[in-house]
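Visitor: Below: one structure in structure tokens.
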Amino acid sequence: MGTEIIVALIGLAGGLLTAGLGFYQWRKSHQAATAPGPPPPGKLSRSEEKALGRRRSGLLDRLTDDMRHINLLNHPKPLNIESLYVQLRVHDQQPLRFMHHEELQELRGRAPGDLVRLTRARKKDQQAEILTPEEAFTRFRRMVVLGDPGAGKTTMLRYLGFKAATDEILPVFVELRRLVRAEGGLLDYVSTRWAERYGELQAADLIDHALTTGSAVLLIDGLDEVLGGESADEADATYQRVIQEIDRLAARYPGARIAVTCRRAGWRGQLPAFRTLEVLDFDDSQIEEFVGNWFQDDHDKRDKLTAALRRSSRIQTLSANPLLLSLIAIVFESDLELPERRSKLYARTIEVLLTEWDSKRDIKRFPRFTADRKRDLLEEIAWHYQRAGLAYFAKDELLGVIAGFLPTVDLDPADAPAILGEICEHYGMLKEQAQEVYGFLHLTIQEYFAAEVAARIGAPAIAEIAKVRHDPWWEEVILLLAGRLHDATPLLLAVLGHDQDTAAIEGPVARDDDMFHNDLLLAGRCLVSTPRIKAAWLRGRIVEEIGELMLAAPDESATELFKEIGATRISQIEPRLKDLDPSHRKAVAKTLGLADLSTPPDFLKDWTEVPHEPALIVEWLERLTPHATHPDSEKPLELLVDKARELEVHAAVPVLWKLHDLGREDSRADHALNDCRHALLELGEITEDELWEALSLGWRDFGLVSLLLRVSDQDRWLCALLDPRTDPWHLRRFTTNLRGDLPKALVGSVAGHLRDESIAWPTRWLLTELLDGGPELLDVLADERAHPMVRVGAAATLADHGHHEGVPLLLAMVPRGIDGTPRSAYPGHRVAVLQHETALRERVYTCLAKTGDPAAIQALVSRFDQLAAESPPTPDDPRVPDECNDLVDALTETAPELISRRLVTLIEGLPRITGELYYRSVVSNLAIALPASLTAEMLRRVRAVNLPRWAIDDTRVLTTRIGEVGEDWRPCTSS
């Protein structure tokens, strides 16, 4: 008991001591806030009020003019804030949260584009209530606005001052960097400044009266910029002095609105009466508004810069910062384009952030080492984490990297925390993204520094990077590196898969390229920055082969790239466009700025709407038919032919036949073929029997099938299904249209054909699908004399309709698979592709899985395991057998968890996927099967695998399927 009393007395003493210290701190703060300063002014006489008003009016005019103009970097003339300013957005400061280790690991190696999108999405999620600075200033009256370097804080304050002055409110604007070297308090400095600049010799009483009456706003810029002095202690003492001065003024003038700006990293709190807000980055609409304001008198430049920003996601990311966007606009304004080498723009950005932004405003900070050494350190950090595949890094690991660097410049490793703080607070190149987690201001800066290091290292770095060239994490580094090398030949050869320079490369210049030509296209993108290439032949080979790729097949990326790097060769390409199909030719011609070779008729400009007079319909058909190969004629011809059919314009028959024959002969005009057939059928020029006869001749004409399905009844469809002359490619189409809509009158006929051995069994299989699981199918299933595959078809259809009688037969088929190419019962029957086209195996597995029978599910899963073990995916070919794909499709609806876990296990068994991820790779199969309930777990497991970019795209498909990204997978950033 005695012990408990002692403990209680100690606790009571501690409480009294805490209360006493709290009262002492309050009393000290209260005295500091109220003791200094002039006494409150008494009531002014009328004459004093008038005199003060005259002085105030003249001063407001001069302040308005001052606030209207801003100087920016090395722009040759002051800028008008009224016409240039884009309204910023602010919101309450978001406290940084801690990041779990798993979250950091899941960010490793993410595609840079993904990081940009996820960062933007995270920011959007965090934005509770967004205000303009004017709204915030009116609502909160006392606010501290935080932001990264160049976020627009100073311009925002000047704009608030300009708006206040135009509203007859006195703006008291204070740049704290100047206050550090001035004598006296904050308002003493303003009074002296106004006396020198405006000749207002008695400004103190004017300011005091305005602040007291609430007819002035106090705008204090750059709280972080007072960290001057010869030592860290002196810098901290200056900061504390300014904080106390602001706190005193807030207590002295309770009716005045006060706004303070500060860099995010330099903010130390200590103004509890002020609302703390953050400046948000520019969004896309604000970027476009800024560019429009900058080039308001030159719309051509405005449009060109806007387009240039849209083309480069990384430059657009930089342009979310108003300072850097201004820099981009200045560069574009002087050069009429962005630098061919983006590295030049990034180098300029680094120069501004490290040196110019402070020096232009005459800010002196306490440095521990020079800007050049800071750059060296930042390069070291960037290279380290780029190789680690990380854009965000834990503080303790980052401090270790810094500590390892410091001895190389003769500094104590123990200074690492102070150095990190200095870089974050003074320059903003690194920033705290979450509690104890750091990253570069923009990922682009990390990539630029990494490319600088790689250029300096040379051949070893090139060899290392070439091995990971298919990883999108390294793509921008490779492109920047190409522009930084004295000779980009070794890099280009490494990207193309060659070890040494040789002009005697036989075959494709990209050795062992994949089906998507990724090596060739990456080498081409390296040429965009016009690097120096001593092997002159290499540039020409790359451009030539990208041109051939562009012509070989529609490929928008290849065409856009050829436009950028092959401008001098476009004239050589142009004559070959005539050999392309219309849509391909039109796309290439449009991208390259060429006229489409099939010139549209001049009279087409007179086309307004479809005429209703028969004579005009015929006239327009005759005028347009010779130009049917031109894409611009397609829609008018479609409308005219349809109108001729609708109005029964028999006079149009000759030209309709002419258009019909042109469509048969020239694929560029085949768009009109089916419409002509339909019109000629309605006009009595073609009979339905003639169309069916044409189909029986073996035409693989899908348009004709579509027309027959529109104009013929179902008994004709059934006849076509039974006709051995019908192309197998059309059989599934007729089956699909008959299934579920079979007239009762045809049921008996269909059932009677099931035992007709003169009909090939694949056709009879299709007939089983037309029935709805009635007694006809049960009879076939029970008849052991019937063809075994027809019985299987009957069993599958019964299962599809919920009848389990045929399940044992289907289960017996599973262990050995649905085997054997269908053979016709008589010569000439086209069944070569029928098994694939009718998907017999897939139907059996799907119908079996649909029953939900546990034995059926287990049999299907066991079959998958058997096939995957016999022919497992490999790093070079990450696919499973085609039969496995059918099993995945079947099990996706009924047992998605079972099949998803097996697919992930197969993926985890691959040390690294090096081959192409074709349509049905193990990863794309997972995208098909994965249920929402397993998304978080499966994505964690998949992300741990070293996947190429196509797999990363597929994992994005997984998250899209369930409507949103799982929080356990999506990285949380606050940048």
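Here's how to read the names in the structure tokens: chain A, B, ... by the order shown, residue numbers from 1 in each chain, ligand numbers from 1 in the order shown.
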Could you pull out all residues of segment 190-428 of chain A with a DSSP call of strand (DSSP E or B) and give them as a PyMOL selection string?

Guide: chain A and resi 216-221+257-263+275-279+393-394

Visitor: Can I get the selection written as a short mmCIF file (atom, residue, chain, number, x, y, z; two decimals), in the first residue's frame, with N, CA, C and O atoms?

Guide:
```
data_model
loop_
_atom_site.label_atom_id
_atom_site.label_comp_id
_atom_site.auth_asym_id
_atom_site.auth_seq_id
_atom_site.Cartn_x
_atom_site.Cartn_y
_atom_site.Cartn_z
N ALA A 216 -6.36 45.97 -44.80
CA ALA A 216 -5.09 45.56 -45.40
C ALA A 216 -4.94 44.06 -45.23
O ALA A 216 -5.53 43.45 -44.32
N VAL A 217 -4.17 43.45 -46.13
CA VAL A 217 -3.82 42.04 -46.00
C VAL A 217 -2.31 41.95 -45.88
O VAL A 217 -1.58 42.70 -46.54
N LEU A 218 -1.84 41.06 -45.04
CA LEU A 218 -0.41 40.88 -44.84
C LEU A 218 0.00 39.60 -45.56
O LEU A 218 -0.48 38.50 -45.24
N LEU A 219 0.86 39.74 -46.55
CA LEU A 219 1.27 38.62 -47.41
C LEU A 219 2.76 38.37 -47.20
O LEU A 219 3.59 39.21 -47.59
N ILE A 220 3.10 37.25 -46.58
CA ILE A 220 4.47 36.98 -46.16
C ILE A 220 4.99 35.80 -46.97
O ILE A 220 4.51 34.67 -46.84
N ASP A 221 6.00 36.07 -47.79
CA ASP A 221 6.45 35.07 -48.75
C ASP A 221 7.79 34.45 -48.35
O ASP A 221 8.74 35.15 -48.01
N ARG A 257 -6.24 39.90 -42.36
CA ARG A 257 -5.98 38.59 -42.96
C ARG A 257 -4.49 38.45 -43.24
O ARG A 257 -3.86 39.40 -43.73
N ILE A 258 -3.93 37.28 -42.94
CA ILE A 258 -2.49 37.05 -43.10
C ILE A 258 -2.28 35.73 -43.83
O ILE A 258 -2.87 34.71 -43.46
N ALA A 259 -1.45 35.76 -44.85
CA ALA A 259 -1.08 34.54 -45.58
C ALA A 259 0.43 34.41 -45.58
O ALA A 259 1.15 35.38 -45.82
N VAL A 260 0.92 33.20 -45.33
CA VAL A 260 2.35 32.91 -45.31
C VAL A 260 2.60 31.75 -46.27
O VAL A 260 1.81 30.80 -46.32
N THR A 261 3.69 31.84 -47.04
CA THR A 261 4.06 30.70 -47.89
C THR A 261 5.36 30.10 -47.42
O THR A 261 6.21 30.78 -46.83
N CYS A 262 5.52 28.80 -47.70
CA CYS A 262 6.72 28.08 -47.27
C CYS A 262 6.85 26.81 -48.09
O CYS A 262 5.84 26.20 -48.47
N ARG A 263 8.09 26.44 -48.36
CA ARG A 263 8.28 25.14 -48.99
C ARG A 263 7.85 24.04 -48.03
O ARG A 263 8.03 24.16 -46.82
N ARG A 275 -4.28 28.16 -40.51
CA ARG A 275 -4.69 26.95 -41.22
C ARG A 275 -3.58 26.57 -42.20
O ARG A 275 -3.13 27.40 -42.98
N THR A 276 -3.15 25.32 -42.17
CA THR A 276 -2.07 24.87 -43.05
C THR A 276 -2.67 24.21 -44.29
O THR A 276 -3.41 23.23 -44.18
N LEU A 277 -2.33 24.76 -45.45
CA LEU A 277 -2.85 24.27 -46.72
C LEU A 277 -1.70 23.87 -47.63
O LEU A 277 -0.55 24.26 -47.41
N GLU A 278 -2.01 23.10 -48.64
CA GLU A 278 -1.02 22.68 -49.63
C GLU A 278 -1.46 23.12 -51.02
O GLU A 278 -2.64 23.08 -51.35
N VAL A 279 -0.47 23.53 -51.83
CA VAL A 279 -0.73 23.83 -53.24
C VAL A 279 -0.75 22.52 -54.01
O VAL A 279 0.12 21.68 -53.84
N PHE A 393 11.96 5.20 -51.68
CA PHE A 393 12.93 4.45 -50.91
C PHE A 393 12.87 4.84 -49.44
O PHE A 393 12.61 5.99 -49.08
N ALA A 394 13.11 3.83 -48.61
CA ALA A 394 13.04 4.02 -47.17
C ALA A 394 14.17 4.95 -46.69
O ALA A 394 15.28 4.93 -47.22
#
```

Visitor: At a cut-off of 9 Å, using only C-alpha atoms, what residues contact Gly152 of chain A? Leave out same-chain residues fewer than 2 positions from it and give the result as a JSON list (two decimals) with N, CA, C and O atoms, in the first residue's frame.

Guide:
```json
[["chain", "number", "residue", "atom", "x", "y", "z"],
["A", 88, "LEU", "N", -4.46, 28.73, -58.92],
["A", 88, "LEU", "CA", -4.00, 27.52, -58.25],
["A", 88, "LEU", "C", -5.16, 26.89, -57.47],
["A", 88, "LEU", "O", -6.22, 27.50, -57.30],
["A", 147, "GLY", "N", 4.18, 24.23, -50.44],
["A", 147, "GLY", "CA", 4.30, 23.72, -51.80],
["A", 147, "GLY", "C", 5.73, 23.40, -52.13],
["A", 147, "GLY", "O", 6.67, 23.85, -51.45],
["A", 148, "ASP", "N", 5.93, 22.62, -53.17],
["A", 148, "ASP", "CA", 7.28, 22.29, -53.63],
["A", 148, "ASP", "C", 7.92, 23.52, -54.28],
["A", 148, "ASP", "O", 7.23, 24.48, -54.63],
["A", 149, "PRO", "N", 9.23, 23.49, -54.48],
["A", 149, "PRO", "CA", 9.87, 24.60, -55.19],
["A", 149, "PRO", "C", 9.23, 24.80, -56.57],
["A", 149, "PRO", "O", 9.02, 23.85, -57.31],
["A", 150, "GLY", "N", 8.91, 26.05, -56.87],
["A", 150, "GLY", "CA", 8.32, 26.35, -58.17],
["A", 150, "GLY", "C", 6.85, 26.02, -58.28],
["A", 150, "GLY", "O", 6.29, 26.03, -59.38],
["A", 154, "THR", "N", 4.81, 32.11, -54.61],
["A", 154, "THR", "CA", 5.06, 33.55, -54.66],
["A", 154, "THR", "C", 4.11, 34.23, -55.63],
["A", 154, "THR", "O", 3.52, 35.30, -55.32],
["A", 155, "THR", "N", 3.94, 33.64, -56.80],
["A", 155, "THR", "CA", 3.01, 34.22, -57.78],
["A", 155, "THR", "C", 1.60, 34.25, -57.22],
["A", 155, "THR", "O", 0.85, 35.22, -57.45],
["A", 156, "MET", "N", 1.22, 33.22, -56.48],
["A", 156, "MET", "CA", -0.11, 33.20, -55.86],
["A", 156, "MET", "C", -0.27, 34.37, -54.89],
["A", 156, "MET", "O", -1.30, 35.07, -54.89],
["A", 157, "LEU", "N", 0.77, 34.62, -54.05],
["A", 157, "LEU", "CA", 0.69, 35.73, -53.10],
["A", 157, "LEU", "C", 0.60, 37.07, -53.84],
["A", 157, "LEU", "O", -0.16, 37.96, -53.45],
["A", 279, "VAL", "N", -0.47, 23.53, -51.83],
["A", 279, "VAL", "CA", -0.73, 23.83, -53.24],
["A", 279, "VAL", "C", -0.75, 22.52, -54.01],
["A", 279, "VAL", "O", 0.12, 21.68, -53.84],
["A", 321, "ASN", "N", 4.38, 21.39, -62.55],
["A", 321, "ASN", "CA", 4.98, 22.39, -61.68],
["A", 321, "ASN", "C", 5.02, 23.71, -62.43],
["A", 321, "ASN", "O", 5.63, 23.80, -63.50],
["A", 322, "PRO", "N", 4.37, 24.78, -61.93],
["A", 322, "PRO", "CA", 4.29, 26.04, -62.68],
["A", 322, "PRO", "C", 5.64, 26.63, -63.08],
["A", 322, "PRO", "O", 5.79, 27.17, -64.18],
["A", 323, "LEU", "N", 6.65, 26.53, -62.20],
["A", 323, "LEU", "CA", 7.97, 27.06, -62.55],
["A", 323, "LEU", "C", 8.55, 26.32, -63.74],
["A", 323, "LEU", "O", 9.05, 26.93, -64.69]]
```

Visitor: Using atom CA of Gly748 of chain A and atom CA of Leu722 of chain A as the two end points, give the distance in Å to one decimal.

Guide: 14.8 Å

Visitor: Could you tell me, as a count of residues only, which residues of segment 527-579 of chain A DSSP assigns to helix (DSSP H, G or I) when given the backbone?

Guide: 41

Visitor: Excluding Leu738 of chain A and residues on its chain fewer than 3 positions from it, collect all residues at most 12 Å away from it, counting only C-alpha atoms, and give them as a list in words.

Guide: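 The residues that qualify are Leu709, Asp713, Gln714, Asp715, Arg716, Trp717, Leu718, Cys719, Ala720, Leu721, Leu731, Arg732, Arg733, Phe734, Thr735, Asp741, Leu742, Pro743, Lys744, Leu746, Val747, Val750, Leu766, Leu767, Thr768, Glu769, Leu770, Leu771 and Asp772 of chain A.
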
Visitor: Take the residues from that selection and put them in a file with N, CA, C and O atoms, as a short mmCIF file (atom, residue, chain, number, x, y, z; two decimals), in the first residue's frame.

Guide:
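New file part.cif:
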```cif
data_model
loop_
_atom_site.label_atom_id
_atom_site.label_comp_id
_atom_site.auth_asym_id
_atom_site.auth_seq_id
_atom_site.Cartn_x
_atom_site.Cartn_y
_atom_site.Cartn_z
N LEU A 709 -28.88 -14.58 -93.77
CA LEU A 709 -29.51 -14.68 -92.45
C LEU A 709 -30.58 -13.62 -92.27
O LEU A 709 -31.52 -13.80 -91.49
N ASP A 713 -35.53 -17.69 -94.37
CA ASP A 713 -36.13 -18.25 -93.17
C ASP A 713 -35.26 -19.39 -92.64
O ASP A 713 -34.28 -19.80 -93.25
N GLN A 714 -35.68 -19.91 -91.47
CA GLN A 714 -34.81 -20.83 -90.75
C GLN A 714 -34.68 -22.19 -91.40
O GLN A 714 -33.66 -22.87 -91.23
N ASP A 715 -35.67 -22.61 -92.20
CA ASP A 715 -35.51 -23.91 -92.84
C ASP A 715 -34.41 -23.87 -93.90
O ASP A 715 -33.71 -24.86 -94.13
N ARG A 716 -34.19 -22.69 -94.52
CA ARG A 716 -33.08 -22.56 -95.46
C ARG A 716 -31.74 -22.60 -94.71
O ARG A 716 -30.76 -23.12 -95.24
N TRP A 717 -31.71 -21.99 -93.51
CA TRP A 717 -30.47 -22.06 -92.73
C TRP A 717 -30.11 -23.52 -92.43
O TRP A 717 -28.96 -23.92 -92.51
N LEU A 718 -31.18 -24.31 -92.05
CA LEU A 718 -30.95 -25.70 -91.73
C LEU A 718 -30.47 -26.47 -92.96
O LEU A 718 -29.57 -27.32 -92.86
N CYS A 719 -31.05 -26.17 -94.11
CA CYS A 719 -30.60 -26.83 -95.34
C CYS A 719 -29.12 -26.54 -95.61
O CYS A 719 -28.37 -27.41 -96.03
N ALA A 720 -28.71 -25.27 -95.39
CA ALA A 720 -27.31 -24.91 -95.59
C ALA A 720 -26.41 -25.65 -94.61
O ALA A 720 -25.29 -26.05 -94.94
N LEU A 721 -26.90 -25.85 -93.39
CA LEU A 721 -26.13 -26.57 -92.39
C LEU A 721 -25.91 -28.03 -92.81
O LEU A 721 -24.84 -28.62 -92.57
N LEU A 731 -20.59 -22.79 -91.01
CA LEU A 731 -21.47 -23.70 -90.29
C LEU A 731 -21.78 -23.20 -88.88
O LEU A 731 -22.92 -23.25 -88.43
N ARG A 732 -20.75 -22.73 -88.17
CA ARG A 732 -20.98 -22.23 -86.81
C ARG A 732 -21.94 -21.05 -86.81
O ARG A 732 -22.76 -20.90 -85.91
N ARG A 733 -21.86 -20.20 -87.84
CA ARG A 733 -22.74 -19.03 -87.93
C ARG A 733 -24.21 -19.45 -88.02
O ARG A 733 -25.07 -18.90 -87.34
N PHE A 734 -24.48 -20.44 -88.87
CA PHE A 734 -25.87 -20.90 -89.00
C PHE A 734 -26.33 -21.58 -87.71
O PHE A 734 -27.47 -21.41 -87.28
N THR A 735 -25.43 -22.35 -87.10
CA THR A 735 -25.77 -23.03 -85.85
C THR A 735 -26.13 -22.02 -84.76
O THR A 735 -27.13 -22.17 -84.05
N ASP A 741 -33.66 -20.74 -81.14
CA ASP A 741 -34.76 -20.12 -81.89
C ASP A 741 -35.26 -21.09 -82.96
O ASP A 741 -35.77 -20.67 -84.00
N LEU A 742 -35.08 -22.37 -82.71
CA LEU A 742 -35.47 -23.37 -83.70
C LEU A 742 -36.99 -23.54 -83.67
O LEU A 742 -37.58 -23.86 -82.63
N PRO A 743 -37.65 -23.35 -84.81
CA PRO A 743 -39.12 -23.54 -84.84
C PRO A 743 -39.48 -24.98 -84.46
O PRO A 743 -38.76 -25.93 -84.79
N LYS A 744 -40.59 -25.13 -83.78
CA LYS A 744 -41.01 -26.47 -83.36
C LYS A 744 -41.19 -27.39 -84.55
O LYS A 744 -40.97 -28.61 -84.45
N LEU A 746 -39.38 -27.75 -86.98
CA LEU A 746 -38.13 -28.30 -87.46
C LEU A 746 -37.48 -29.25 -86.46
O LEU A 746 -36.48 -29.90 -86.78
N VAL A 747 -38.03 -29.32 -85.23
CA VAL A 747 -37.41 -30.15 -84.20
C VAL A 747 -37.36 -31.61 -84.64
O VAL A 747 -36.34 -32.30 -84.52
N VAL A 750 -34.71 -32.19 -87.34
CA VAL A 750 -33.36 -32.17 -86.77
C VAL A 750 -33.08 -33.48 -86.03
O VAL A 750 -32.02 -34.10 -86.20
N LEU A 766 -23.30 -30.60 -84.51
CA LEU A 766 -23.90 -29.26 -84.51
C LEU A 766 -25.41 -29.34 -84.37
O LEU A 766 -26.03 -28.49 -83.72
N LEU A 767 -26.02 -30.36 -84.96
CA LEU A 767 -27.47 -30.50 -84.85
C LEU A 767 -27.89 -30.74 -83.40
O LEU A 767 -28.97 -30.31 -82.97
N THR A 768 -27.05 -31.45 -82.63
CA THR A 768 -27.41 -31.68 -81.22
C THR A 768 -27.51 -30.36 -80.46
O THR A 768 -28.29 -30.24 -79.51
N GLU A 769 -26.71 -29.38 -80.86
CA GLU A 769 -26.74 -28.09 -80.16
C GLU A 769 -28.04 -27.32 -80.40
O GLU A 769 -28.37 -26.41 -79.65
N LEU A 770 -28.79 -27.70 -81.46
CA LEU A 770 -30.02 -26.98 -81.79
C LEU A 770 -31.19 -27.40 -80.91
O LEU A 770 -32.17 -26.66 -80.80
N LEU A 771 -31.09 -28.57 -80.30
CA LEU A 771 -32.17 -29.08 -79.47
C LEU A 771 -32.00 -28.60 -78.04
O LEU A 771 -30.91 -28.23 -77.61
N ASP A 772 -33.07 -28.63 -77.27
CA ASP A 772 -33.04 -28.02 -75.94
C ASP A 772 -32.92 -29.04 -74.81
O ASP A 772 -33.31 -28.78 -73.67
#
```

Visitor: Name the closest residue to Asp519 of chain A among the candidates A:Ile81, A:Leu206, A:Ile542, A:Ala536; distances are taken between atoms, counting only C-alpha atoms.

Guide: A:Ile542

Visitor: What is the atom CA of Ile928 of chain A-atom CA of Gly389 of chain A distance in Å, reported with one decimal?

Guide: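 Value for the atom CA of Ile928 of chain A-atom CA of Gly389 of chain A distance: 28.1 Å.
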
Visitor: Go through A:Leu754, A:Val477, A:Asp865, A:Gly703 and flag the residue nearest His730 of chain A, using only C-alpha atoms for the distances.

Guide: A:Gly703

Visitor: Which of these residues is nearest to Leu778 of chain A, using only C-alpha atoms: A:Leu798, A:Ala628, A:Leu848, A:Ala251?

Guide: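 Going through A:Leu798, A:Ala628, A:Leu848, A:Ala251 one by one, the smallest distance to Leu778 of chain A is for A:Leu798.
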
Visitor: Of the candidates A:Glu545, A:Pro472, A:Tyr346, A:His517, which one gets nearest to Glu452 of chain A if we count only C-alpha atoms?

Guide: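 Result for the nearest residue to Glu452 of chain A: A:Tyr346.
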
Visitor: Quote the spacing between atom CA of Val844 of chain A and atom CA of Arg902 of chain A in Å to one decimal place.

Guide: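 If I compute the distance from atom CA of Val844 of chain A to atom CA of Arg902 of chain A, I get 21.2 Å.
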
Visitor: Check the smallest atom-to-atom distance from each of A:His91, A:Lys395, A:Arg541, A:Arg710 to Gly421 of chain A using only C-alpha atoms, then report the winner.

Guide: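 Of A:His91, A:Lys395, A:Arg541, A:Arg710, the one nearest Gly421 of chain A is A:Lys395, counting only C-alpha atoms.
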
Visitor: Just want the 12 Å neighbourhood of Glu883 of chain A, counted on only C-alpha atoms, with same-chain residues fewer than 3 positions away dropped. Output as number ranges by chain.

Guide: A: 814-819, 836, 839-845, 860-861, 863-868, 871, 879-880, 886-890, 920

Visitor: Got time to write the residues from that selection, N, CA, C and O atoms, as a compact mmCIF listing (two decimals), in the first residue's frame?

Guide:
```txt
# COMPACT_ATOMS: atom_id res chain seq x y z
N VAL A 814 -12.71 -36.88 -70.53
CA VAL A 814 -11.77 -35.88 -70.04
C VAL A 814 -10.33 -36.38 -69.93
O VAL A 814 -9.41 -35.70 -70.40
N PRO A 815 -10.06 -37.55 -69.32
CA PRO A 815 -8.65 -37.93 -69.13
C PRO A 815 -7.85 -38.02 -70.42
O PRO A 815 -6.64 -37.78 -70.41
N ARG A 816 -8.48 -38.38 -71.53
CA ARG A 816 -7.73 -38.49 -72.78
C ARG A 816 -7.98 -37.30 -73.71
O ARG A 816 -7.34 -37.21 -74.77
N GLY A 817 -8.88 -36.40 -73.33
CA GLY A 817 -9.16 -35.24 -74.16
C GLY A 817 -10.08 -35.60 -75.31
O GLY A 817 -10.35 -36.77 -75.58
N ILE A 818 -10.57 -34.56 -75.99
CA ILE A 818 -11.42 -34.77 -77.16
C ILE A 818 -10.48 -34.88 -78.35
O ILE A 818 -9.93 -33.88 -78.83
N ASP A 819 -10.24 -36.10 -78.81
CA ASP A 819 -9.14 -36.33 -79.73
C ASP A 819 -9.65 -36.66 -81.13
O ASP A 819 -10.78 -37.09 -81.32
N HIS A 836 -11.68 -27.13 -84.87
CA HIS A 836 -11.31 -25.84 -84.26
C HIS A 836 -12.48 -24.88 -84.29
O HIS A 836 -12.79 -24.21 -83.31
N ALA A 839 -15.27 -25.73 -81.95
CA ALA A 839 -14.81 -25.78 -80.56
C ALA A 839 -15.47 -26.93 -79.81
O ALA A 839 -16.07 -26.74 -78.75
N LEU A 840 -15.37 -28.15 -80.37
CA LEU A 840 -16.01 -29.31 -79.75
C LEU A 840 -15.47 -29.54 -78.34
O LEU A 840 -16.23 -29.76 -77.39
N ARG A 841 -14.15 -29.52 -78.23
CA ARG A 841 -13.54 -29.78 -76.92
C ARG A 841 -13.94 -28.72 -75.91
O ARG A 841 -14.29 -29.02 -74.77
N GLU A 842 -13.90 -27.46 -76.33
CA GLU A 842 -14.28 -26.39 -75.42
C GLU A 842 -15.73 -26.52 -74.98
O GLU A 842 -16.06 -26.27 -73.83
N ARG A 843 -16.59 -26.97 -75.90
CA ARG A 843 -18.00 -27.11 -75.54
C ARG A 843 -18.17 -28.21 -74.50
O ARG A 843 -18.92 -28.06 -73.53
N VAL A 844 -17.48 -29.34 -74.68
CA VAL A 844 -17.58 -30.42 -73.70
C VAL A 844 -17.15 -29.94 -72.33
O VAL A 844 -17.83 -30.14 -71.32
N TYR A 845 -16.00 -29.27 -72.27
CA TYR A 845 -15.48 -28.83 -70.98
C TYR A 845 -16.38 -27.76 -70.36
O TYR A 845 -16.63 -27.77 -69.15
N LEU A 860 -11.72 -31.90 -64.47
CA LEU A 860 -11.20 -30.85 -65.34
C LEU A 860 -9.90 -30.27 -64.78
O LEU A 860 -8.94 -30.02 -65.53
N VAL A 861 -9.86 -30.06 -63.47
CA VAL A 861 -8.65 -29.52 -62.85
C VAL A 861 -7.50 -30.52 -62.99
O VAL A 861 -6.35 -30.14 -63.27
N ARG A 863 -7.12 -32.70 -65.33
CA ARG A 863 -6.67 -32.69 -66.73
C ARG A 863 -5.74 -31.50 -66.98
O ARG A 863 -4.73 -31.63 -67.67
N PHE A 864 -6.06 -30.34 -66.39
CA PHE A 864 -5.20 -29.16 -66.52
C PHE A 864 -3.82 -29.45 -65.93
O PHE A 864 -2.79 -29.17 -66.56
N ASP A 865 -3.80 -30.05 -64.73
CA ASP A 865 -2.52 -30.35 -64.08
C ASP A 865 -1.70 -31.33 -64.94
O ASP A 865 -0.48 -31.18 -65.08
N GLN A 866 -2.38 -32.32 -65.52
CA GLN A 866 -1.69 -33.32 -66.34
C GLN A 866 -1.04 -32.66 -67.56
O GLN A 866 0.14 -32.89 -67.86
N LEU A 867 -1.80 -31.80 -68.25
CA LEU A 867 -1.28 -31.16 -69.46
C LEU A 867 -0.16 -30.18 -69.13
O LEU A 867 0.84 -30.10 -69.85
N ALA A 868 -0.32 -29.42 -68.01
CA ALA A 868 0.71 -28.45 -67.63
C ALA A 868 2.00 -29.14 -67.23
O ALA A 868 3.10 -28.61 -67.44
N SER A 871 3.60 -30.46 -70.63
CA SER A 871 4.14 -29.40 -71.49
C SER A 871 4.07 -28.07 -70.75
O SER A 871 3.23 -27.21 -71.03
N ARG A 879 3.54 -20.22 -72.49
CA ARG A 879 2.17 -20.63 -72.79
C ARG A 879 1.93 -22.05 -72.30
O ARG A 879 2.87 -22.82 -72.08
N VAL A 880 0.66 -22.37 -72.16
CA VAL A 880 0.26 -23.73 -71.86
C VAL A 880 -0.39 -24.29 -73.12
O VAL A 880 -0.75 -23.53 -74.03
N ASP A 886 -8.79 -24.06 -73.07
CA ASP A 886 -10.20 -24.43 -73.01
C ASP A 886 -10.61 -24.75 -71.59
O ASP A 886 -11.72 -24.43 -71.15
N LEU A 887 -9.74 -25.39 -70.84
CA LEU A 887 -10.05 -25.72 -69.44
C LEU A 887 -10.15 -24.46 -68.59
O LEU A 887 -11.01 -24.36 -67.70
N VAL A 888 -9.27 -23.48 -68.83
CA VAL A 888 -9.36 -22.21 -68.11
C VAL A 888 -10.70 -21.54 -68.38
O VAL A 888 -11.39 -21.07 -67.47
N ASP A 889 -11.10 -21.48 -69.66
CA ASP A 889 -12.38 -20.87 -70.00
C ASP A 889 -13.54 -21.58 -69.31
O ASP A 889 -14.47 -20.95 -68.83
N ALA A 890 -13.47 -22.91 -69.27
CA ALA A 890 -14.56 -23.67 -68.68
C ALA A 890 -14.66 -23.46 -67.17
O ALA A 890 -15.75 -23.33 -66.61
N ARG A 920 -2.75 -16.22 -75.35
CA ARG A 920 -3.12 -17.15 -74.28
C ARG A 920 -1.89 -17.60 -73.51
O ARG A 920 -1.65 -18.79 -73.32
```
